[in-house]
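Chemist: For reference, this is data.csv, and it has CSV, C-alpha atoms and all ligand atoms.
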```csv
chain,number,residue,atom,x,y,z
A,1,ALA,CA,0.0,0.0,0.0
A,2,GLU,CA,1.1,3.6,-0.6
A,3,GLN,CA,1.1,4.5,3.0
A,4,ASP,CA,3.7,1.8,3.7
A,5,ARG,CA,6.2,3.7,1.7
A,6,LEU,CA,5.9,6.9,3.8
A,7,THR,CA,6.8,7.6,7.4
A,8,LEU,CA,6.9,11.0,9.1
A,9,GLU,CA,9.0,12.1,12.0
A,10,TYR,CA,8.6,15.2,14.1
A,11,LEU,CA,11.9,16.2,15.7
A,12,THR,CA,11.9,17.9,19.0
A,13,ALA,CA,14.4,20.5,20.3
A,14,VAL,CA,17.6,18.9,21.6
A,15,THR,CA,19.2,21.9,23.2
A,16,PRO,CA,17.8,25.0,25.1
A,17,GLU,CA,19.1,27.3,22.3
A,18,GLN,CA,17.0,25.5,19.8
A,19,ALA,CA,13.9,25.5,22.0
A,20,ASP,CA,11.1,27.5,20.6
A,21,GLY,CA,11.2,31.2,21.1
A,22,LEU,CA,14.6,31.7,22.9
A,23,ASP,CA,16.2,32.8,19.6
A,24,VAL,CA,13.3,35.2,19.1
A,25,ILE,CA,13.8,36.8,22.5
A,26,GLN,CA,17.5,37.0,21.9
A,27,GLY,CA,17.1,38.5,18.4
A,28,LEU,CA,14.6,41.1,19.4
A,29,SER,CA,16.4,42.1,22.5
A,30,GLN,CA,19.7,42.9,20.8
A,31,THR,CA,20.8,46.0,18.8
A,32,PRO,CA,20.5,45.9,15.9
A,33,LYS,CA,17.5,43.5,16.0
A,34,SER,CA,17.5,40.3,13.9
A,35,LEU,CA,15.5,37.1,13.6
A,36,PRO,CA,16.4,33.7,12.2
A,37,PRO,CA,15.0,33.2,8.7
A,38,LYS,CA,13.5,29.8,9.6
A,39,TYR,CA,10.6,31.9,11.2
A,40,PHE,CA,9.5,32.9,7.6
A,41,TYR,CA,8.3,29.4,6.9
A,42,ASP,CA,4.9,28.9,8.6
A,43,GLU,CA,2.3,27.5,6.2
A,44,ARG,CA,1.5,30.9,4.6
A,45,GLY,CA,5.2,31.8,4.4
A,46,SER,CA,6.0,28.6,2.7
A,47,ARG,CA,3.3,29.3,0.1
A,48,LEU,CA,4.5,32.8,-0.4
A,49,PHE,CA,8.0,31.5,-1.0
A,50,GLU,CA,6.6,29.1,-3.6
A,51,GLN,CA,5.1,32.2,-5.3
A,52,ILE,CA,8.4,34.0,-5.2
A,53,THR,CA,10.0,31.1,-7.1
A,54,GLN,CA,7.6,31.8,-9.9
A,55,LEU,CA,8.3,35.5,-10.2
A,56,PRO,CA,9.9,36.9,-13.4
A,57,GLU,CA,12.5,38.8,-11.3
A,58,TYR,CA,13.4,35.8,-9.2
A,59,TYR,CA,16.0,34.1,-11.5
A,60,LEU,CA,17.3,31.7,-8.8
A,61,THR,CA,14.8,28.9,-8.9
A,62,ARG,CA,14.5,29.0,-12.7
A,63,THR,CA,18.3,28.9,-13.2
A,64,GLU,CA,18.9,26.1,-10.7
A,65,THR,CA,16.1,24.1,-12.4
A,66,GLN,CA,17.9,24.5,-15.7
A,67,ILE,CA,21.2,23.3,-14.2
A,68,LEU,CA,19.5,20.3,-12.5
A,69,GLN,CA,17.8,19.4,-15.8
A,70,GLN,CA,21.2,19.1,-17.3
A,71,SER,CA,23.1,17.5,-14.4
A,72,ALA,CA,20.5,15.1,-12.8
A,73,ASP,CA,21.5,12.1,-14.9
A,74,ALA,CA,25.2,12.6,-14.1
A,75,ILE,CA,24.5,12.9,-10.4
A,76,ALA,CA,22.3,9.8,-10.3
A,77,THR,CA,25.0,7.8,-12.3
A,78,LEU,CA,27.7,8.9,-9.9
A,79,THR,CA,26.0,8.1,-6.6
A,80,GLY,CA,24.1,4.9,-7.6
A,81,PRO,CA,21.4,3.7,-5.2
A,82,CYS,CA,21.3,6.0,-2.2
A,83,ASP,CA,19.5,7.8,0.6
A,84,LEU,CA,18.7,11.3,-0.6
A,85,ILE,CA,18.4,13.6,2.3
A,86,GLU,CA,17.2,17.1,1.4
A,87,LEU,CA,17.6,20.0,3.9
A,88,GLY,CA,14.8,22.6,3.3
A,89,SER,CA,12.8,20.5,0.9
A,90,GLY,CA,9.8,22.8,0.7
A,91,SER,CA,7.6,21.6,-2.2
A,92,SER,CA,10.3,19.3,-3.5
A,93,THR,CA,9.6,20.6,-7.1
A,94,LYS,CA,13.3,20.8,-8.2
A,95,THR,CA,14.0,17.5,-6.4
A,96,ARG,CA,11.7,15.8,-8.9
A,97,LEU,CA,14.3,16.3,-11.5
A,98,LEU,CA,16.7,14.2,-9.4
A,99,LEU,CA,14.0,11.6,-8.6
A,100,ASP,CA,13.2,11.4,-12.4
A,101,ALA,CA,16.8,10.7,-13.2
A,102,TYR,CA,17.1,7.9,-10.6
A,103,GLN,CA,13.8,6.5,-11.9
A,104,ARG,CA,15.0,6.6,-15.5
A,105,GLN,CA,18.1,4.6,-14.6
A,106,GLY,CA,16.1,2.2,-12.5
A,107,THR,CA,18.3,3.1,-9.5
A,108,PRO,CA,16.5,2.7,-6.2
A,109,LEU,CA,16.3,5.7,-3.9
A,110,HIS,CA,15.1,6.5,-0.4
A,111,TYR,CA,14.0,10.1,-0.1
A,112,LEU,CA,14.2,12.0,3.2
A,113,PRO,CA,12.8,15.5,2.9
A,114,VAL,CA,13.6,17.8,5.8
A,115,ASP,CA,11.7,21.0,6.4
A,116,VAL,CA,10.4,23.2,9.3
A,117,SER,CA,7.0,23.3,7.7
A,118,GLY,CA,5.1,20.1,8.5
A,119,THR,CA,2.3,20.9,6.0
A,120,MET,CA,4.9,21.2,3.3
A,121,VAL,CA,6.6,17.9,4.0
A,122,GLU,CA,3.3,16.0,4.3
A,123,GLU,CA,1.7,17.5,1.2
A,124,SER,CA,4.7,17.1,-1.0
A,125,ALA,CA,5.4,13.6,0.3
A,126,GLN,CA,1.8,12.5,-0.6
A,127,ALA,CA,2.2,13.9,-4.1
A,128,LEU,CA,5.5,12.1,-4.6
A,129,LEU,CA,4.1,8.8,-3.4
A,130,GLN,CA,1.5,9.0,-6.2
A,131,HIS,CA,4.0,9.9,-8.8
A,132,TYR,CA,6.9,7.6,-8.0
A,133,PRO,CA,5.6,4.1,-7.4
A,134,GLN,CA,9.0,2.7,-6.4
A,135,LEU,CA,10.0,5.5,-4.0
A,136,THR,CA,10.1,5.2,-0.3
A,137,LEU,CA,10.0,8.3,1.8
A,138,HIS,CA,10.8,9.4,5.4
A,139,GLY,CA,9.8,13.0,6.0
A,140,LEU,CA,11.5,14.8,8.8
A,141,ILE,CA,10.0,17.9,10.3
A,142,GLY,CA,12.6,20.0,12.2
A,143,ILE,CA,15.6,22.1,11.8
A,144,TYR,CA,18.9,21.2,10.1
A,145,GLU,CA,21.0,21.0,13.3
A,146,GLN,CA,18.7,18.4,14.7
A,147,VAL,CA,18.7,16.3,11.6
A,148,LEU,CA,22.4,16.5,11.1
A,149,ALA,CA,23.1,15.6,14.7
A,150,GLN,CA,21.2,12.4,14.3
A,151,LEU,CA,20.7,11.2,10.7
A,152,PRO,CA,18.4,8.2,10.5
A,153,PRO,CA,20.2,4.9,9.6
A,154,SER,CA,20.5,4.6,5.8
A,155,ARG,CA,18.9,2.1,3.6
A,156,PHE,CA,21.5,2.2,0.9
A,157,PRO,CA,25.3,2.1,1.1
A,158,ARG,CA,25.6,5.8,0.2
A,159,ARG,CA,24.0,9.1,1.2
A,160,LEU,CA,23.4,12.1,-1.0
A,161,LEU,CA,22.8,15.1,1.3
A,162,ALA,CA,21.2,17.9,-0.8
A,163,PHE,CA,21.2,21.5,0.3
A,164,ILE,CA,20.0,23.3,-2.9
A,165,GLY,CA,18.3,26.6,-3.5
A,166,SER,CA,21.2,28.6,-2.1
A,167,THR,CA,19.8,28.3,1.4
A,168,LEU,CA,23.4,28.3,2.7
A,169,GLY,CA,23.3,32.0,1.8
A,170,ASN,CA,21.1,32.6,4.9
A,171,LEU,CA,24.0,31.7,7.2
A,172,SER,CA,26.5,34.1,8.6
A,173,ASP,CA,30.2,33.1,8.5
A,174,ALA,CA,30.1,31.6,11.9
A,175,GLU,CA,26.9,29.7,11.3
A,176,CYS,CA,28.2,28.5,7.9
A,177,ASP,CA,31.3,27.2,9.6
A,178,GLN,CA,29.2,25.3,12.2
A,179,PHE,CA,26.9,24.0,9.6
A,180,LEU,CA,29.7,22.6,7.3
A,181,THR,CA,31.4,21.1,10.3
A,182,GLN,CA,28.2,19.3,11.1
A,183,VAL,CA,27.7,18.2,7.5
A,184,SER,CA,31.1,16.7,7.4
A,185,GLN,CA,30.6,14.9,10.7
A,186,ALA,CA,27.2,13.6,9.6
A,187,LEU,CA,28.5,12.1,6.4
A,188,ALA,CA,30.6,8.9,6.1
A,189,PRO,CA,33.6,8.7,3.7
A,190,GLY,CA,32.2,8.2,0.2
A,191,ASP,CA,28.9,10.0,0.9
A,192,TYR,CA,27.9,12.9,-1.4
A,193,PHE,CA,26.9,16.5,-0.6
A,194,LEU,CA,25.1,18.6,-3.3
A,195,LEU,CA,25.2,22.3,-2.7
A,196,GLY,CA,23.2,24.9,-4.7
A,197,LEU,CA,24.7,28.5,-4.6
A,198,ASP,CA,23.5,31.8,-5.9
A,199,LEU,CA,26.5,33.6,-7.5
A,200,ARG,CA,27.7,37.2,-7.7
A,201,LYS,CA,26.1,39.2,-10.5
A,202,PRO,CA,25.1,42.7,-11.5
A,203,VAL,CA,23.5,44.6,-8.6
A,204,ASP,CA,20.4,45.6,-10.5
A,205,VAL,CA,19.6,41.9,-11.2
A,206,LEU,CA,20.1,41.0,-7.6
A,207,GLU,CA,18.1,43.9,-6.2
A,208,ALA,CA,15.2,43.3,-8.6
A,209,ALA,CA,15.0,39.7,-7.4
A,210,TYR,CA,14.3,40.8,-3.9
A,211,ASN,CA,12.1,43.8,-4.7
A,212,ASP,CA,9.6,42.3,-7.1
A,213,SER,CA,7.0,44.5,-8.8
A,214,GLN,CA,4.1,42.4,-7.4
A,215,GLY,CA,5.1,42.8,-3.8
A,216,VAL,CA,5.3,39.1,-3.1
A,217,THR,CA,8.7,39.3,-1.5
A,218,ALA,CA,7.4,42.2,0.7
A,219,ALA,CA,4.5,40.1,1.8
A,220,PHE,CA,6.8,37.1,2.5
A,221,ASN,CA,9.0,39.3,4.6
A,222,LEU,CA,6.2,41.0,6.6
A,223,ASN,CA,4.6,37.6,7.1
A,224,LEU,CA,7.3,37.0,9.6
A,225,LEU,CA,5.4,39.4,11.9
A,226,HIS,CA,2.1,37.5,11.4
A,227,HIS,CA,3.9,34.2,12.2
A,228,LEU,CA,5.3,35.6,15.4
A,229,ASN,CA,1.9,36.9,16.4
A,230,TRP,CA,0.3,33.6,15.8
A,231,ARG,CA,3.0,31.5,17.4
A,232,PHE,CA,3.7,33.7,20.4
A,233,GLN,CA,0.4,35.5,21.0
A,234,GLY,CA,1.8,38.8,19.7
A,235,ASN,CA,0.3,42.1,18.7
A,236,LEU,CA,2.8,43.3,16.1
A,237,ASP,CA,1.0,45.4,13.4
A,238,PRO,CA,2.5,44.5,10.0
A,239,SER,CA,0.9,47.6,8.4
A,240,GLN,CA,3.2,49.7,10.6
A,241,PHE,CA,6.4,48.2,9.0
A,242,ARG,CA,7.8,48.1,5.5
A,243,HIS,CA,10.0,45.7,3.5
A,244,VAL,CA,13.5,46.8,2.6
A,245,ALA,CA,16.0,44.7,0.5
A,246,GLN,CA,19.4,46.0,-0.6
A,247,TYR,CA,22.7,44.7,-1.8
A,248,ASN,CA,25.7,45.1,0.3
A,249,PRO,CA,28.7,45.0,-2.2
A,250,VAL,CA,31.3,44.8,0.5
A,251,ALA,CA,29.8,41.6,2.1
A,252,ASP,CA,28.4,40.3,-1.2
A,253,GLN,CA,25.0,39.8,0.3
A,254,ILE,CA,21.4,40.9,-0.1
A,255,GLU,CA,20.2,42.2,3.3
A,256,ILE,CA,16.5,42.1,4.0
A,257,TYR,CA,15.0,44.2,6.7
A,258,ILE,CA,11.7,44.9,8.3
A,259,GLU,CA,11.6,48.6,8.9
A,260,SER,CA,9.4,50.3,11.5
A,261,LEU,CA,7.4,53.2,10.0
A,262,GLN,CA,7.0,54.9,13.4
A,263,ALA,CA,8.0,54.6,17.0
A,264,GLN,CA,6.0,51.7,18.4
A,265,THR,CA,5.8,49.0,21.1
A,266,ALA,CA,4.6,45.5,20.8
A,267,ARG,CA,4.2,42.5,23.0
A,268,LEU,CA,4.7,38.8,22.5
A,269,LYS,CA,2.7,37.4,25.4
A,270,ALA,CA,3.8,33.8,25.2
A,271,LEU,CA,7.4,34.9,25.5
A,272,ASP,CA,6.7,37.6,28.1
A,273,LEU,CA,8.5,40.0,25.8
A,274,THR,CA,8.0,43.7,25.2
A,275,VAL,CA,9.7,45.1,22.1
A,276,THR,CA,10.1,48.7,21.2
A,277,PHE,CA,11.0,50.1,17.8
A,278,ALA,CA,12.2,53.6,17.0
A,279,ALA,CA,10.9,55.3,13.8
A,280,GLY,CA,12.9,54.0,10.9
A,281,GLU,CA,14.5,51.2,13.0
A,282,ARG,CA,15.4,48.1,11.0
A,283,LEU,CA,15.2,44.5,12.0
A,284,LEU,CA,17.4,42.2,9.9
A,285,SER,CA,15.2,39.3,8.8
A,286,GLU,CA,17.4,37.7,6.3
A,287,LEU,CA,20.9,37.6,4.7
A,288,SER,CA,21.1,36.1,1.2
A,289,ARG,CA,24.8,35.8,0.4
A,290,LYS,CA,26.2,35.6,-3.1
A,291,PHE,CA,29.1,33.2,-3.7
A,292,ASP,CA,32.0,32.5,-6.0
A,293,LEU,CA,32.4,28.9,-7.0
A,294,PRO,CA,36.2,28.4,-6.8
A,295,THR,CA,36.3,30.1,-3.4
A,296,MET,CA,33.5,27.9,-2.1
A,297,ALA,CA,35.0,24.8,-3.5
A,298,ALA,CA,38.3,25.6,-1.7
A,299,SER,CA,36.5,26.3,1.5
A,300,LEU,CA,34.5,23.0,1.3
A,301,GLN,CA,37.8,21.2,0.8
A,302,SER,CA,38.9,22.4,4.3
A,303,TYR,CA,35.9,20.6,5.7
A,304,GLY,CA,36.9,17.4,4.0
A,305,LEU,CA,34.2,17.9,1.3
A,306,HIS,CA,35.9,17.4,-2.1
A,307,THR,CA,34.2,18.9,-5.2
A,308,VAL,CA,33.9,16.2,-7.8
A,309,HIS,CA,31.7,18.2,-10.2
A,310,THR,CA,30.7,21.8,-10.7
A,311,PHE,CA,27.6,22.6,-12.7
A,312,THR,CA,26.6,26.1,-13.8
A,313,ASP,CA,24.4,27.9,-16.4
A,314,PRO,CA,25.7,29.9,-19.4
A,315,HIS,CA,25.6,33.2,-17.5
A,316,HIS,CA,27.2,31.7,-14.4
A,317,TRP,CA,24.3,33.1,-12.3
A,318,PHE,CA,23.9,30.0,-10.2
A,319,GLY,CA,26.1,27.0,-9.3
A,320,LEU,CA,25.7,23.4,-8.2
A,321,LEU,CA,28.7,21.7,-6.4
A,322,LEU,CA,28.7,18.0,-6.1
A,323,CYS,CA,31.1,17.1,-3.3
A,324,GLN,CA,32.3,13.8,-1.8
A,325,ARG,CA,33.3,13.3,1.7
A,401,LIG,C1,15.5,30.4,0.1
A,401,LIG,C2,17.2,31.6,1.2
A,401,LIG,C3,17.4,30.9,-1.0
A,401,LIG,O1,17.8,34.0,-0.3
A,401,LIG,O2,16.8,34.0,-2.2
A,401,LIG,C4,13.7,34.8,-1.4
A,401,LIG,C5,14.8,33.3,0.4
A,401,LIG,N1,14.0,35.6,0.6
A,401,LIG,N2,13.3,36.1,-1.4
A,401,LIG,C6,16.9,33.6,-1.0
A,401,LIG,C7,14.2,34.5,-0.2
A,401,LIG,C8,13.4,36.6,-0.2
A,401,LIG,C9,15.8,32.6,-0.6
A,401,LIG,N3,16.4,31.4,0.0
```
Could you show the structure in this file as C-alpha cells?
Modeler:
Amino acid sequence: AEQDRLTLEYLTAVTPEQADGLDVIQGLSQTPKSLPPKYFYDERGSRLFEQITQLPEYYLTRTETQILQQSADAIATLTGPCDLIELGSGSSTKTRLLLDAYQRQGTPLHYLPVDVSGTMVEESAQALLQHYPQLTLHGLIGIYEQVLAQLPPSRFPRRLLAFIGSTLGNLSDAECDQFLTQVSQALAPGDYFLLGLDLRKPVDVLEAAYNDSQGVTAAFNLNLLHHLNWRFQGNLDPSQFRHVAQYNPVADQIEIYIESLQAQTARLKALDLTVTFAAGERLLSELSRKFDLPTMAASLQSYGLHTVHTFTDPHHWFGLLLCQR
C-alpha cells in the first residue's frame, strides 16, 4: 500500500538554544535587531515562498532548475542507489528532476525531505508517493541542526545530502562554519553533498529579485510578523512596517530588513517579551549571500568535502557543487 512507503517524524528540540522562542527573545532584545530566517516558513510563508520562485525577477529557482535538468543524470549515475536527504525540501519541485533521473536509470532511492513546515513535508510527500511508485519516503519535520546531529540509519550504502536553492546564503560566516562542520561529521567517507549556490552578478539583477513588482517578497518578509503573532500571542502590526532589500557589495549579500514606519511598542505574550521600535529602526530578517564557485570549493575542501563536479548555467548566475566526503 502507498502509506507503507511513507513515514513522518517530528523532531523535537535537543538543546535549550533550539527550543522555541529563545532565539526570538535574543534576536529582538539585541541591537540591531534580527531574527532567524526559519521563522519565515509557517504555512503561509512557505506558500508565499513558492510564489516567489515563480516571479519573473526571481531568477534563482529557474536557473537552478535549468542546471538540474542538465546534471541530474550525471548525479544519479555517480551516486548509484542512495538515501537522498534534502535539507529545506519545501515543495520538492526541483528535487523531482533528481527523482526522475534515478527512476529513468532504475536506480532505487530512499528520499528523506527535511523542512520546518510540517504541512509542506506532508503534502509534497503525498504527491511524490502517487507519482513515484518505487520511491520510499521518510519525512523529517525539524531544523537542520537536529537532523544532522542524528541522521536516520541509511537504507542504501551511500547518502546524498542535498542543500540546494542557495539556502546556505542565509547563514553568517560563523553559522556556515558550524553547519559545514556538522555536515562533514554527519557524512561517512564516500557519501555525497550537493550544494546549490547563488553567484555574484550585477547589482540591478540582484536587487530586482528581492524587490519584485508584485510585492510578493514584501508580503513574504512581513509575514514573519504574522507568524510571530500567531506563534507567540503577539500584537505586532504588520501595516506599521515596510519591506527593505538592498545589496551590500562589501559583504556580497542581499540584506532584507523589516523597517518600523514609526516609534512603536509590541508584546509577545507567550514569551513575556515587550519590544520597542524607533521610527525607521530596522530588524534584519534575512541575509542572502552571493558566492564565488572556486572560493567555495576551496572552503569546502577544508571541511573534507571534495568537489567532484561543478555545474553552472551559461551566465554563471547559479552553481551546483557535487562534493564527496
Ligand atoms: C530560500 C534563502 C534561497 O535568499 O533568495 C527569497 C529566500 N528571501 N526572497 C533567497 C528569499 C526573499 C531565498 N532562499
Chemist: So which residues are near ligand LIG 401 (chain A), meaning at most 6 Å away with only C-alpha atoms and all ligand atoms counted, given back as an MDAnalysis selection string?
Modeler: chainID A and resid 165:167 170 210 217 288
Chemist: Produce a file of the selected residues containing C-alpha atoms, as a short mmCIF file (atom, residue, chain, number, x, y, z; two decimals), keeping the file's coordinate frame.
Modeler:
```
data_model
loop_
_atom_site.label_atom_id
_atom_site.label_comp_id
_atom_site.auth_asym_id
_atom_site.auth_seq_id
_atom_site.Cartn_x
_atom_site.Cartn_y
_atom_site.Cartn_z
CA GLY A 165 18.30 26.60 -3.50
CA SER A 166 21.20 28.60 -2.10
CA THR A 167 19.80 28.30 1.40
CA ASN A 170 21.10 32.60 4.90
CA TYR A 210 14.30 40.80 -3.90
CA THR A 217 8.70 39.30 -1.50
CA SER A 288 21.10 36.10 1.20
#
```
Chemist: With all atoms listed in the file as the atoms that count, which of A:Gly27, A:Gly190, A:Gly45, A:Pro294 lies nearest to His227 (chain A)?
Modeler: A:Gly45
Chemist: Hey, which of A:Ser46, A:Thr61, A:Gln182, A:Thr77 ends up closest to Asn223 (chain A)? Count all atoms listed in the file.
Modeler: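 Smallest distance to Asn223 (chain A) is found for A:Ser46.
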Chemist: What's the separation between CA of Thr107 (chain A) and CA of Pro153 (chain A), in Å to one decimal place?
Modeler: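 Going from CA of Thr107 (chain A) over to CA of Pro153 (chain A) covers 19.3 Å.
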Chemist: Between A:Leu68, A:Leu271, A:Leu322, A:Leu60, which is the closest to Asp20 (chain A) once you count only C-alpha atoms?
Modeler: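 Ranked by minimum distance to Asp20 (chain A), first place goes to A:Leu271.
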Chemist: Using Å and a single decimal, report how far CA of Ser124 (chain A) sits from CA of Leu112 (chain A).
Modeler: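 It comes out at 11.6 Å.
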Chemist: Pick out the closest residue to Gln134 (chain A) from this set: A:Leu194, A:Leu300, A:Leu8, A:Leu109. Count all atoms listed in the file.
Modeler: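 Looking at the shortest contact to Gln134 (chain A), the residue is A:Leu109.
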Chemist: For region 243-250 of chain A, work out the shell of residues within 12 Å, counting all atoms listed in the file and skipping chain neighbours fewer than 5 positions away, then give it as JSON, numbers by chain.
Modeler: {"A": [200, 201, 202, 203, 204, 205, 206, 207, 208, 209, 210, 211, 212, 215, 216, 217, 218, 219, 220, 221, 222, 223, 224, 225, 238, 255, 256, 257, 258, 259, 260, 261, 280, 281, 282, 283, 284, 285, 286, 287, 288, 289, 290, 291]}
Chemist: Select, from A:Pro108, A:Gly90, A:Gly169, A:Pro32, the residue with the minimum atom-to-atom distance to Gly196 (chain A), counting all atoms listed in the file.
Modeler: A:Gly169
Chemist: Would you work out the distance separating CA of Val275 (chain A) from CA of Lys38 (chain A), expressed in Å to one decimal?
Modeler: 20.1 Å
Chemist: How would region 153-165 of chain A read, as an mmCIF file, in the frame of the given file, once N, CA and C atoms are built in?
Modeler:
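Saved the output as result16.cif:
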```
data_model
loop_
_atom_site.group_PDB
_atom_site.id
_atom_site.type_symbol
_atom_site.label_atom_id
_atom_site.label_comp_id
_atom_site.auth_asym_id
_atom_site.auth_seq_id
_atom_site.Cartn_x
_atom_site.Cartn_y
_atom_site.Cartn_z
ATOM 1 N N PRO A 153 19.350 5.909 10.251
ATOM 2 C CA PRO A 153 20.200 4.900 9.600
ATOM 3 C C PRO A 153 19.841 4.790 8.121
ATOM 4 N N SER A 154 20.864 4.630 7.261
ATOM 5 C CA SER A 154 20.500 4.600 5.800
ATOM 6 C C SER A 154 20.141 3.264 5.319
ATOM 7 N N ARG A 155 19.326 3.294 4.276
ATOM 8 C CA ARG A 155 18.900 2.100 3.600
ATOM 9 C C ARG A 155 19.884 1.569 2.633
ATOM 10 N N PHE A 156 20.539 2.534 1.982
ATOM 11 C CA PHE A 156 21.500 2.200 0.900
ATOM 12 C C PHE A 156 22.893 2.521 1.353
ATOM 13 N N PRO A 157 23.877 1.968 0.644
ATOM 14 C CA PRO A 157 25.300 2.100 1.100
ATOM 15 C C PRO A 157 25.714 3.604 1.110
ATOM 16 N N ARG A 158 25.118 4.443 0.253
ATOM 17 C CA ARG A 158 25.600 5.800 0.200
ATOM 18 C C ARG A 158 24.479 6.797 0.526
ATOM 19 N N ARG A 159 24.927 7.971 0.996
ATOM 20 C CA ARG A 159 24.000 9.100 1.200
ATOM 21 C C ARG A 159 24.290 10.178 0.220
ATOM 22 N N LEU A 160 23.243 10.862 -0.210
ATOM 23 C CA LEU A 160 23.400 12.100 -1.000
ATOM 24 C C LEU A 160 22.672 13.165 -0.141
ATOM 25 N N LEU A 161 23.426 14.059 0.468
ATOM 26 C CA LEU A 161 22.800 15.100 1.300
ATOM 27 C C LEU A 161 22.684 16.350 0.351
ATOM 28 N N ALA A 162 21.446 16.783 0.117
ATOM 29 C CA ALA A 162 21.200 17.900 -0.800
ATOM 30 C C ALA A 162 20.834 19.146 -0.025
ATOM 31 N N PHE A 163 21.506 20.241 -0.339
ATOM 32 C CA PHE A 163 21.200 21.500 0.300
ATOM 33 C C PHE A 163 21.197 22.530 -0.888
ATOM 34 N N ILE A 164 20.090 22.539 -1.629
ATOM 35 C CA ILE A 164 20.000 23.300 -2.900
ATOM 36 C C ILE A 164 19.249 24.608 -2.615
ATOM 37 N N GLY A 165 19.063 25.412 -3.663
ATOM 38 C CA GLY A 165 18.300 26.600 -3.500
ATOM 39 C C GLY A 165 19.037 27.790 -2.925
#
```
